[in-house]
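Colleague: Before I ask anything, let me first share the structure, which is written out below as structure tokens.
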Amino acid sequence: MIALLLITPSFIGSDGVGLFAQMRINMGADSPLRKLQIAEMAVSNLYVDSVDEQKLVEDGIRGMIEKLDPHSSYLTAKEVKAANEPLQGNFEGIGVQFNMVEDTLLVIQTISGGPSEKVGIIAGDRIVSVNDTVIAGVKMAREEIMRRLRGPKGTKVNLGIVRRDIADTLSFVVTRDKIPLKTIDATYMIRPQVGYIRIGSFGATTHDEFCESLKQLKKEGMKSLVLDLQENGGGYLHAAVKVADEFLAAGDLIVYTQGRRTQRAEYNAAGGGLFTEGRVVVLVDSYTASAAEIVSGAIQDHDRGIVVGRRTFGKGLVQRPIDLPDGSMIRLTVAHYYTPSGRCIQKPYEKGNQKDYAEDMLHRLKSGELMSADSVHFADSLKYYTLKKHRVVYGGGGIMPDEFVPLDTLKYTKYHRQLAAKSVLITQNLRYVDEHRHQLQQRYKDFNDFRQHFEVPQSLIDRIKAEGEKQNIKPADDAELQTTLPYLRTQLKALIARDLWTMNEYYTIMNTLSDTVQRALKLLE
């Protein structure tokens with residue numbers, strides 16, 4: 001394909017014969033690449049209508065990739081940039097967390113020490129214009145708004161701000177800067193002597209963040225750790241290896257990779273980690289994947305801790321990035337991941353059958369696997385043993401937990417799912433915090449005060465019910481409403497805490513409802 005991209009129209013005769021002759025010289029008559037080049041040049045030069053040659057090539061690449069495994073992919077230059085930002089750990093912009101409320105950008109929080117905070121922008125501000133272009137009330141796409149706010153470090157942007165209780169529109173000139181993207185969602189002491197860390201993804205800064213979290217919790221008296229990898233879709237291999245290294249002894253194998261054309265590569269612990277003693281419980285679910293499975297598998301195989309939850313996703317394919325001249329990229333699978341005991345993390349798949357692979361979670365739900373560990377049956381050929389205690393573990397795709405926690409399908413009523421899907425919950429929560437932020441900050445001096453004494457007002461529940469009815473969302477009966485309300489109130493309290501403080505406070509509240517977290521705490525007792 002690279003040779004194809006380097007051929008220019010100057011080689012082409014009016015009937016394409018010149019190009020075909022050139023290719024006969026450069027490659028054998030039976031070369032698949034020759035066949036592909038002939039087809040591409042024939043379409044681009046002889047087809048009855050004009051064609052976009054760039055798109056023609058891209059479609060050809062996508063066509064090849066789609067017939068391979070589910071994780072090989074082709075990304076345009078724009079998609080490459082968007083995919084890399086969360087893993088690289090930063091982007092360049094103004095430093096605010098925001099959401100859209102009635103076509104207006106509402107600042108949820110400013111990044112601590114970021115450019116917006118430095119000039120005086122605060123939570124609750126509404127950004128209505130960017131460099132004299134109105135962005136409020138004009139139904140501008142979120143992506144377009146983000147494009148206008150982001151820009152190279154050192155460049156300036158003029159923001160028009162509407163602030164509650166101030167009549168005039170305020171003007172702020174913000175100098176864009178590097179904005180850190182955190183990959184650790186929460187760090188706090190969940191019980192006396194028990195720390196909790198939730199890693200959202202594995203990026204370039206994850207290991208540094210993780211070490212900071214460990215040091216903080218150890219200062220607060222942590223003896224045991226709950227490591228939450230639920231819904232962690234993975235990320236960088238080396239980030240996973242470094243995190244696992246903090247738990248293991250020198251020389252312990254963390255993971256190895258091997259492929260048809262890729263020699264076996266082993267990744268071992270260096271030793272001297274920050275938490276090589278003390279109990280560890282790793283939380284996983286069906287969306288724990290890739291790098292998160294490497295950490296889970298290494299801790300399980302070395303009997304360093306126990307894994308709690310449900311069987312992980314089973315993404316154990318190694319992709320190698322192949323950069324193309326225009327900034328686009330092919331991410332090509334070149335090897336498999338294997339846990340220290342030799343288990344292949346990748347679940348089975350049929351090449352080219354993306355639909356069946358994408359519906360795997362639905363298959364798990366229908367088979368009963370998410371509700372009962374007994375629904376998962378492993379062949380003897382998939383039996384492996386942990387390296388210290390020689391406990392039985394199984395391969396065949398994903399990491400099977402030591403302690404299974406069934407999915408509670410009754411926790412989320414249809415009424416609640418519809419309210420969440422139509423953004424009724426998040427929108428009404430944002431409005432409530434926007435209207436009452438000052439009173440809440442005055443009333444509750446800190447999070448512990450809020451956690452003990454705040455109760456979600458009935459007025460907020462009534463607003464949610466009323467907005468739901470406007471969108472034809474109603475509980476089937478009073479029983480469904482009463483089943484919904486306890487979880488709904490806790491969720492709203494957690495969201496309000498998040499908007500007043502951070503994600504730490506959100507998970508402190510929400511984890512009280514997590515069966516998996518509560519099982520981990522029981523085991524640590």
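Scheme for the structure tokens: letters A, B, ... for chains in order shown; per-chain residue numbers from 1; ligand numbers from 1 in order shown.
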I'd like to know which residues of region 213-257 of chain A are alpha helix (DSSP H) (by DSSP, run on the backbone); could you write them as a list in words?

Modeller: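 The alpha helix (DSSP H) subset of region 213-257 of chain A is Ser213, Leu214, Lys215, Gln216, Leu217, Lys218, Lys219, Leu237, His238, Ala239, Ala240, Val241, Lys242, Val243, Ala244 and Asp245 of chain A.
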
Colleague: Got a sec: who's within 7 Å of region 132-148 of chain A, counting only C-alpha atoms, leaving out chain neighbours fewer than 6 positions off, as a list of chain:residue names?

Modeller: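 Counting only the stated atoms, we get A:Asp103, A:Thr104, A:Leu105.
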
Colleague: Excluding region 228-243 of chain A and residues on its chain fewer than 6 positions from it, collect all residues at most 6 Å away from it, counting only C-alpha atoms, and give them as a ChimeraX atom specification.

Modeller: /A:198-203,207,282-285,287-292,295

Colleague: Tell me, as a ChimeraX atom specification, which residues lie within 10 Å of Arg364 (chain A), counting only C-alpha atoms; anything in the same chain fewer than 4 positions away does not count.

Modeller: /A:286,311,359-360,368-371,375-376

Colleague: Between A:Val392, A:Ile111, A:Ile179, A:Ala420, which one has atoms that come closest to Gly151 (chain A), using only C-alpha atoms?

Modeller: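 Smallest separation from Gly151 (chain A) among the options: A:Ile179.
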
Colleague: Expressed in Å to a single decimal, how great is the separation between CA of Pro475 (chain A) and CA of Tyr415 (chain A)?

Modeller: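 Rounded to one decimal, the two atoms are 5.3 Å apart.
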
Colleague: Closest to Val255 (chain A) among A:Phe210, A:Tyr337, A:Tyr394, A:Phe450, using only C-alpha atoms?

Modeller: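 Looking only at the distances to Val255 (chain A), the closest residue turns out to be A:Tyr337.
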
Colleague: Out of A:Met503, A:Val226, A:Cys344, A:Leu181, which residue has the shortest atom-to-atom distance to Tyr384 (chain A) when counting only C-alpha atoms?

Modeller: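 Of the candidates, the smallest distance to Tyr384 (chain A) is held by A:Cys344.
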
Colleague: Extract, using only C-alpha atoms, all DNA, RNA and protein residues at most 6 Å from region 257-268 of chain A, discarding same-chain residues fewer than 2 positions from it, and format them as a VMD selection string.

Modeller: chain A and resid 251 to 255 334 to 337

Colleague: Got time to write the residues from that selection, N, CA, C and O atoms, as a PDB file, in the first residue's frame?

Modeller:
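Final output, saved to again32.pdb:
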ATOM      1  N   GLY A 251      11.870  -9.902  39.338  1.00  0.00           N
ATOM      2  CA  GLY A 251      11.956 -11.058  38.454  1.00  0.00           C
ATOM      3  C   GLY A 251      10.625 -11.705  38.124  1.00  0.00           C
ATOM      4  O   GLY A 251      10.548 -12.517  37.190  1.00  0.00           O
ATOM      5  N   ASP A 252       9.573 -11.390  38.858  1.00  0.00           N
ATOM      6  CA  ASP A 252       8.254 -11.973  38.570  1.00  0.00           C
ATOM      7  C   ASP A 252       7.814 -11.590  37.158  1.00  0.00           C
ATOM      8  O   ASP A 252       7.844 -10.407  36.783  1.00  0.00           O
ATOM      9  N   LEU A 253       7.387 -12.581  36.384  1.00  0.00           N
ATOM     10  CA  LEU A 253       6.881 -12.325  35.035  1.00  0.00           C
ATOM     11  C   LEU A 253       5.517 -11.634  35.148  1.00  0.00           C
ATOM     12  O   LEU A 253       4.640 -12.095  35.887  1.00  0.00           O
ATOM     13  N   ILE A 254       5.335 -10.545  34.433  1.00  0.00           N
ATOM     14  CA  ILE A 254       4.068  -9.805  34.459  1.00  0.00           C
ATOM     15  C   ILE A 254       3.195 -10.194  33.275  1.00  0.00           C
ATOM     16  O   ILE A 254       2.011 -10.493  33.424  1.00  0.00           O
ATOM     17  N   VAL A 255       3.792 -10.248  32.093  1.00  0.00           N
ATOM     18  CA  VAL A 255       3.059 -10.604  30.883  1.00  0.00           C
ATOM     19  C   VAL A 255       4.077 -10.925  29.808  1.00  0.00           C
ATOM     20  O   VAL A 255       5.227 -10.471  29.870  1.00  0.00           O
ATOM     21  N   VAL A 334      -0.314  -7.851  15.889  1.00  0.00           N
ATOM     22  CA  VAL A 334       0.901  -8.599  15.556  1.00  0.00           C
ATOM     23  C   VAL A 334       1.208  -9.710  16.561  1.00  0.00           C
ATOM     24  O   VAL A 334       2.073 -10.544  16.318  1.00  0.00           O
ATOM     25  N   ALA A 335       0.507  -9.725  17.709  1.00  0.00           N
ATOM     26  CA  ALA A 335       0.820 -10.739  18.724  1.00  0.00           C
ATOM     27  C   ALA A 335      -0.337 -10.877  19.701  1.00  0.00           C
ATOM     28  O   ALA A 335      -1.305 -10.119  19.662  1.00  0.00           O
ATOM     29  N   HIS A 336      -0.232 -11.874  20.584  1.00  0.00           N
ATOM     30  CA  HIS A 336      -1.185 -12.090  21.671  1.00  0.00           C
ATOM     31  C   HIS A 336      -0.523 -11.768  23.003  1.00  0.00           C
ATOM     32  O   HIS A 336       0.684 -11.921  23.167  1.00  0.00           O
ATOM     33  N   TYR A 337      -1.348 -11.365  23.976  1.00  0.00           N
ATOM     34  CA  TYR A 337      -0.900 -11.238  25.362  1.00  0.00           C
ATOM     35  C   TYR A 337      -1.121 -12.572  26.081  1.00  0.00           C
ATOM     36  O   TYR A 337      -2.151 -13.222  25.899  1.00  0.00           O
TER      37      TYR A 337
END

Colleague: In region 135-307 of chain A, what's strand (DSSP E or B) per DSSP? Answer as a ChimeraX atom specification?

Modeller: /A:156-162,170-175,177-180,184-191,194-199,202,224-228,235,253-258,265-268,279-284,306-307

Colleague: Give me the residues near Glu92 (chain A) as number ranges by chain, where near means some atom within 9 Å (using only C-alpha atoms) and where sequence neighbours in that chain fewer than 5 positions away do not count.

Modeller: A: 150-153, 176-180

Colleague: In terms of the shortest atom-to-atom distance over only C-alpha atoms, which of A:Ile197, A:Ile399, A:Ala373, A:Leu524 is closest to Lys347 (chain A)?

Modeller: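 The answer is A:Ile399, which sits nearest to Lys347 (chain A).
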
Colleague: Quote the spacing between CA of Ala466 (chain A) and CA of Gln428 (chain A) in Å to one decimal place.

Modeller: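 One can read the CA of Ala466 (chain A) to CA of Gln428 (chain A) distance as 10.5 Å.
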
Colleague: Using only C-alpha atoms, find each residue of region 120-150 of chain A with at least one atom at most 10 Å away from an atom of region 430-435 of chain A; report its shortest atom-to-atom pair and that distance in Å (one decimal), sort the rows by chain and rising residue number, and return the result as JSON lines.

Modeller:
{"residue": "A:Ala123", "atom": "CA", "partner": "A:Asp434", "partner_atom": "CA", "distance": 8.5}
{"residue": "A:Gly124", "atom": "CA", "partner": "A:Asp434", "partner_atom": "CA", "distance": 5.6}
{"residue": "A:Asp125", "atom": "CA", "partner": "A:Asp434", "partner_atom": "CA", "distance": 8.9}

Colleague: Go ahead and save the picked residues with C-alpha atoms, as a compact mmCIF listing (two decimals), in the first residue's frame.

Modeller:
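Contents of again-v4.txt, freshly written:
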# COMPACT_ATOMS: atom_id res chain seq x y z
CA ALA A 123 -17.80 26.79 38.30
CA GLY A 124 -21.30 27.82 37.21
CA ASP A 125 -20.09 30.32 34.59

Colleague: So that I can check the surroundings of region 65-76 of chain A, please list as a compact mmCIF listing (two decimals) with N, CA, C and O atoms, in the first residue's frame every protein, DNA and RNA residue that reaches within 12 Å of it, counting only C-alpha atoms and ignoring chain neighbours fewer than 6 positions away.

Modeller:
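File produced: out15.txt:
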# COMPACT_ATOMS: atom_id res chain seq x y z
N GLN A 54 -8.19 9.65 -2.66
CA GLN A 54 -7.81 9.46 -1.27
C GLN A 54 -8.81 8.55 -0.56
O GLN A 54 -8.43 7.62 0.16
N LYS A 55 -10.10 8.82 -0.78
CA LYS A 55 -11.13 8.00 -0.15
C LYS A 55 -11.12 6.58 -0.71
O LYS A 55 -11.37 5.60 0.01
N VAL A 57 -8.52 4.88 -1.68
CA VAL A 57 -7.44 4.15 -1.01
C VAL A 57 -7.84 3.81 0.42
O VAL A 57 -7.62 2.69 0.90
N GLU A 58 -8.43 4.79 1.12
CA GLU A 58 -8.86 4.55 2.50
C GLU A 58 -9.89 3.43 2.58
O GLU A 58 -9.82 2.58 3.47
N ASP A 59 -10.83 3.42 1.65
CA ASP A 59 -11.84 2.36 1.63
C ASP A 59 -11.19 1.00 1.37
O ASP A 59 -11.62 -0.02 1.93
N ALA A 82 -7.27 12.34 18.05
CA ALA A 82 -8.31 12.20 19.08
C ALA A 82 -8.08 10.97 19.94
O ALA A 82 -8.33 10.99 21.15
N ALA A 83 -7.58 9.88 19.34
CA ALA A 83 -7.36 8.65 20.08
C ALA A 83 -6.14 8.75 20.99
O ALA A 83 -6.11 8.13 22.06
N ASN A 84 -5.14 9.52 20.60
CA ASN A 84 -3.90 9.60 21.37
C ASN A 84 -3.99 10.53 22.57
O ASN A 84 -3.32 10.32 23.58
N SER A 290 -7.84 -5.50 28.06
CA SER A 290 -6.49 -5.18 27.58
C SER A 290 -5.50 -4.96 28.73
O SER A 290 -5.20 -5.88 29.48
N GLY A 314 -11.69 -9.85 27.65
CA GLY A 314 -10.95 -10.79 26.81
C GLY A 314 -10.32 -10.15 25.59
O GLY A 314 -10.41 -10.66 24.48
N LYS A 315 -9.64 -9.00 25.81
CA LYS A 315 -8.95 -8.31 24.71
C LYS A 315 -7.46 -8.51 24.91
O LYS A 315 -6.81 -7.79 25.68
N GLY A 316 -6.90 -9.51 24.25
CA GLY A 316 -5.50 -9.85 24.44
C GLY A 316 -4.71 -9.83 23.16
O GLY A 316 -3.87 -10.69 22.92
N LEU A 317 -4.98 -8.85 22.30
CA LEU A 317 -4.27 -8.73 21.03
C LEU A 317 -3.38 -7.49 21.07
O LEU A 317 -3.80 -6.42 21.51
N VAL A 318 -2.16 -7.64 20.61
CA VAL A 318 -1.19 -6.54 20.60
C VAL A 318 -1.23 -5.84 19.25
O VAL A 318 -1.04 -6.49 18.21
N GLN A 319 -1.50 -4.53 19.26
CA GLN A 319 -1.51 -3.77 18.01
C GLN A 319 -0.22 -2.97 17.83
O GLN A 319 0.25 -2.33 18.78
N ARG A 320 0.33 -3.05 16.63
CA ARG A 320 1.50 -2.25 16.29
C ARG A 320 1.04 -1.08 15.41
O ARG A 320 0.39 -1.31 14.38
N PRO A 321 1.35 0.16 15.78
CA PRO A 321 0.96 1.29 14.94
C PRO A 321 1.86 1.41 13.71
O PRO A 321 3.09 1.32 13.83
N ILE A 322 1.27 1.55 12.57
CA ILE A 322 2.01 1.75 11.31
C ILE A 322 1.59 3.10 10.75
O ILE A 322 0.48 3.28 10.25
N ASP A 323 2.48 4.08 10.88
CA ASP A 323 2.17 5.44 10.45
C ASP A 323 2.22 5.55 8.93
O ASP A 323 3.14 5.03 8.28
N LEU A 324 1.24 6.24 8.37
CA LEU A 324 1.18 6.47 6.93
C LEU A 324 1.55 7.92 6.62
O LEU A 324 1.46 8.78 7.50
N PRO A 325 1.95 8.22 5.39
CA PRO A 325 2.52 9.54 5.07
C PRO A 325 1.62 10.73 5.38
O PRO A 325 2.11 11.83 5.65
N ASP A 326 0.31 10.56 5.33
CA ASP A 326 -0.59 11.69 5.53
C ASP A 326 -1.02 11.87 6.99
O ASP A 326 -1.92 12.64 7.29
N GLY A 327 -0.36 11.16 7.93
CA GLY A 327 -0.72 11.27 9.33
C GLY A 327 -1.73 10.25 9.79
O GLY A 327 -2.02 10.15 10.99
N SER A 328 -2.28 9.49 8.86
CA SER A 328 -3.20 8.41 9.23
C SER A 328 -2.39 7.22 9.74
O SER A 328 -1.16 7.23 9.71
N MET A 329 -3.09 6.19 10.20
CA MET A 329 -2.38 5.09 10.83
C MET A 329 -3.16 3.79 10.69
O MET A 329 -4.39 3.77 10.71
N ILE A 330 -2.40 2.70 10.51
CA ILE A 330 -2.96 1.36 10.62
C ILE A 330 -2.51 0.80 11.96
O ILE A 330 -1.32 0.85 12.29
N ARG A 331 -3.46 0.33 12.76
CA ARG A 331 -3.12 -0.35 14.01
C ARG A 331 -3.33 -1.84 13.74
O ARG A 331 -4.46 -2.33 13.72
N LEU A 332 -2.23 -2.54 13.52
CA LEU A 332 -2.27 -3.92 13.06
C LEU A 332 -1.92 -4.89 14.19
O LEU A 332 -0.90 -4.73 14.87
N THR A 333 -2.76 -5.88 14.39
CA THR A 333 -2.50 -6.89 15.42
C THR A 333 -1.32 -7.75 15.00
O THR A 333 -1.31 -8.33 13.91
N VAL A 334 -0.31 -7.85 15.89
CA VAL A 334 0.90 -8.60 15.56
C VAL A 334 1.21 -9.71 16.56
O VAL A 334 2.07 -10.54 16.32
N ALA A 335 0.51 -9.73 17.71
CA ALA A 335 0.82 -10.74 18.72
C ALA A 335 -0.34 -10.88 19.70
O ALA A 335 -1.31 -10.12 19.66
N HIS A 336 -0.23 -11.87 20.58
CA HIS A 336 -1.19 -12.09 21.67
C HIS A 336 -0.52 -11.77 23.00
O HIS A 336 0.68 -11.92 23.17
N GLN A 346 -6.93 -13.26 25.08
CA GLN A 346 -7.89 -12.99 24.01
C GLN A 346 -9.00 -14.04 23.95
O GLN A 346 -8.74 -15.23 23.93
N LYS A 347 -10.25 -13.57 23.90
CA LYS A 347 -11.37 -14.48 23.74
C LYS A 347 -11.48 -14.90 22.27
O LYS A 347 -10.98 -14.20 21.37
N PRO A 348 -12.12 -16.02 21.98
CA PRO A 348 -12.22 -16.51 20.60
C PRO A 348 -12.98 -15.51 19.72
O PRO A 348 -13.86 -14.79 20.18
N TYR A 349 -12.64 -15.50 18.44
CA TYR A 349 -13.34 -14.65 17.47
C TYR A 349 -13.23 -15.28 16.09
O TYR A 349 -12.34 -16.09 15.81
N GLU A 350 -14.14 -14.88 15.23
CA GLU A 350 -14.11 -15.32 13.83
C GLU A 350 -13.68 -14.14 12.99
O GLU A 350 -14.27 -13.06 13.05
N LYS A 351 -12.64 -14.32 12.20
CA LYS A 351 -12.11 -13.22 11.40
C LYS A 351 -13.21 -12.64 10.50
O LYS A 351 -13.92 -13.37 9.81
N GLY A 352 -13.32 -11.32 10.54
CA GLY A 352 -14.29 -10.64 9.69
C GLY A 352 -15.69 -10.55 10.27
O GLY A 352 -16.53 -9.82 9.75
N ASN A 353 -15.95 -11.29 11.35
CA ASN A 353 -17.29 -11.28 11.94
C ASN A 353 -17.33 -10.28 13.10
O ASN A 353 -17.34 -10.65 14.26
N GLN A 354 -17.34 -9.02 12.74
CA GLN A 354 -17.32 -7.97 13.76
C GLN A 354 -18.63 -7.92 14.54
O GLN A 354 -18.63 -7.61 15.73
N LYS A 355 -19.72 -8.23 13.89
CA LYS A 355 -21.05 -8.12 14.53
C LYS A 355 -21.16 -9.07 15.72
O LYS A 355 -21.57 -8.68 16.81
N ASP A 356 -20.77 -10.32 15.50
CA ASP A 356 -20.88 -11.31 16.58
C ASP A 356 -19.97 -10.94 17.74
O ASP A 356 -20.33 -11.08 18.91
N TYR A 357 -18.78 -10.44 17.42
CA TYR A 357 -17.82 -10.04 18.46
C TYR A 357 -18.37 -8.87 19.26
O TYR A 357 -18.24 -8.83 20.49
N ALA A 358 -18.99 -7.91 18.57
CA ALA A 358 -19.52 -6.73 19.24
C ALA A 358 -20.69 -7.07 20.15
O ALA A 358 -20.96 -6.36 21.12
N GLU A 359 -21.37 -8.16 19.85
CA GLU A 359 -22.55 -8.54 20.64
C GLU A 359 -22.22 -9.55 21.73
O GLU A 359 -23.12 -10.17 22.30
N ASP A 360 -20.94 -9.71 22.05
CA ASP A 360 -20.53 -10.70 23.03
C ASP A 360 -21.18 -10.45 24.40
O ASP A 360 -21.58 -11.39 25.09

Colleague: Which of these, A:Ile94, A:Leu217, A:Leu492, A:Leu106, has the shortest distance to Thr155 (chain A) once you count only C-alpha atoms?

Modeller: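 Among the listed residues, A:Ile94 lies closest to Thr155 (chain A).
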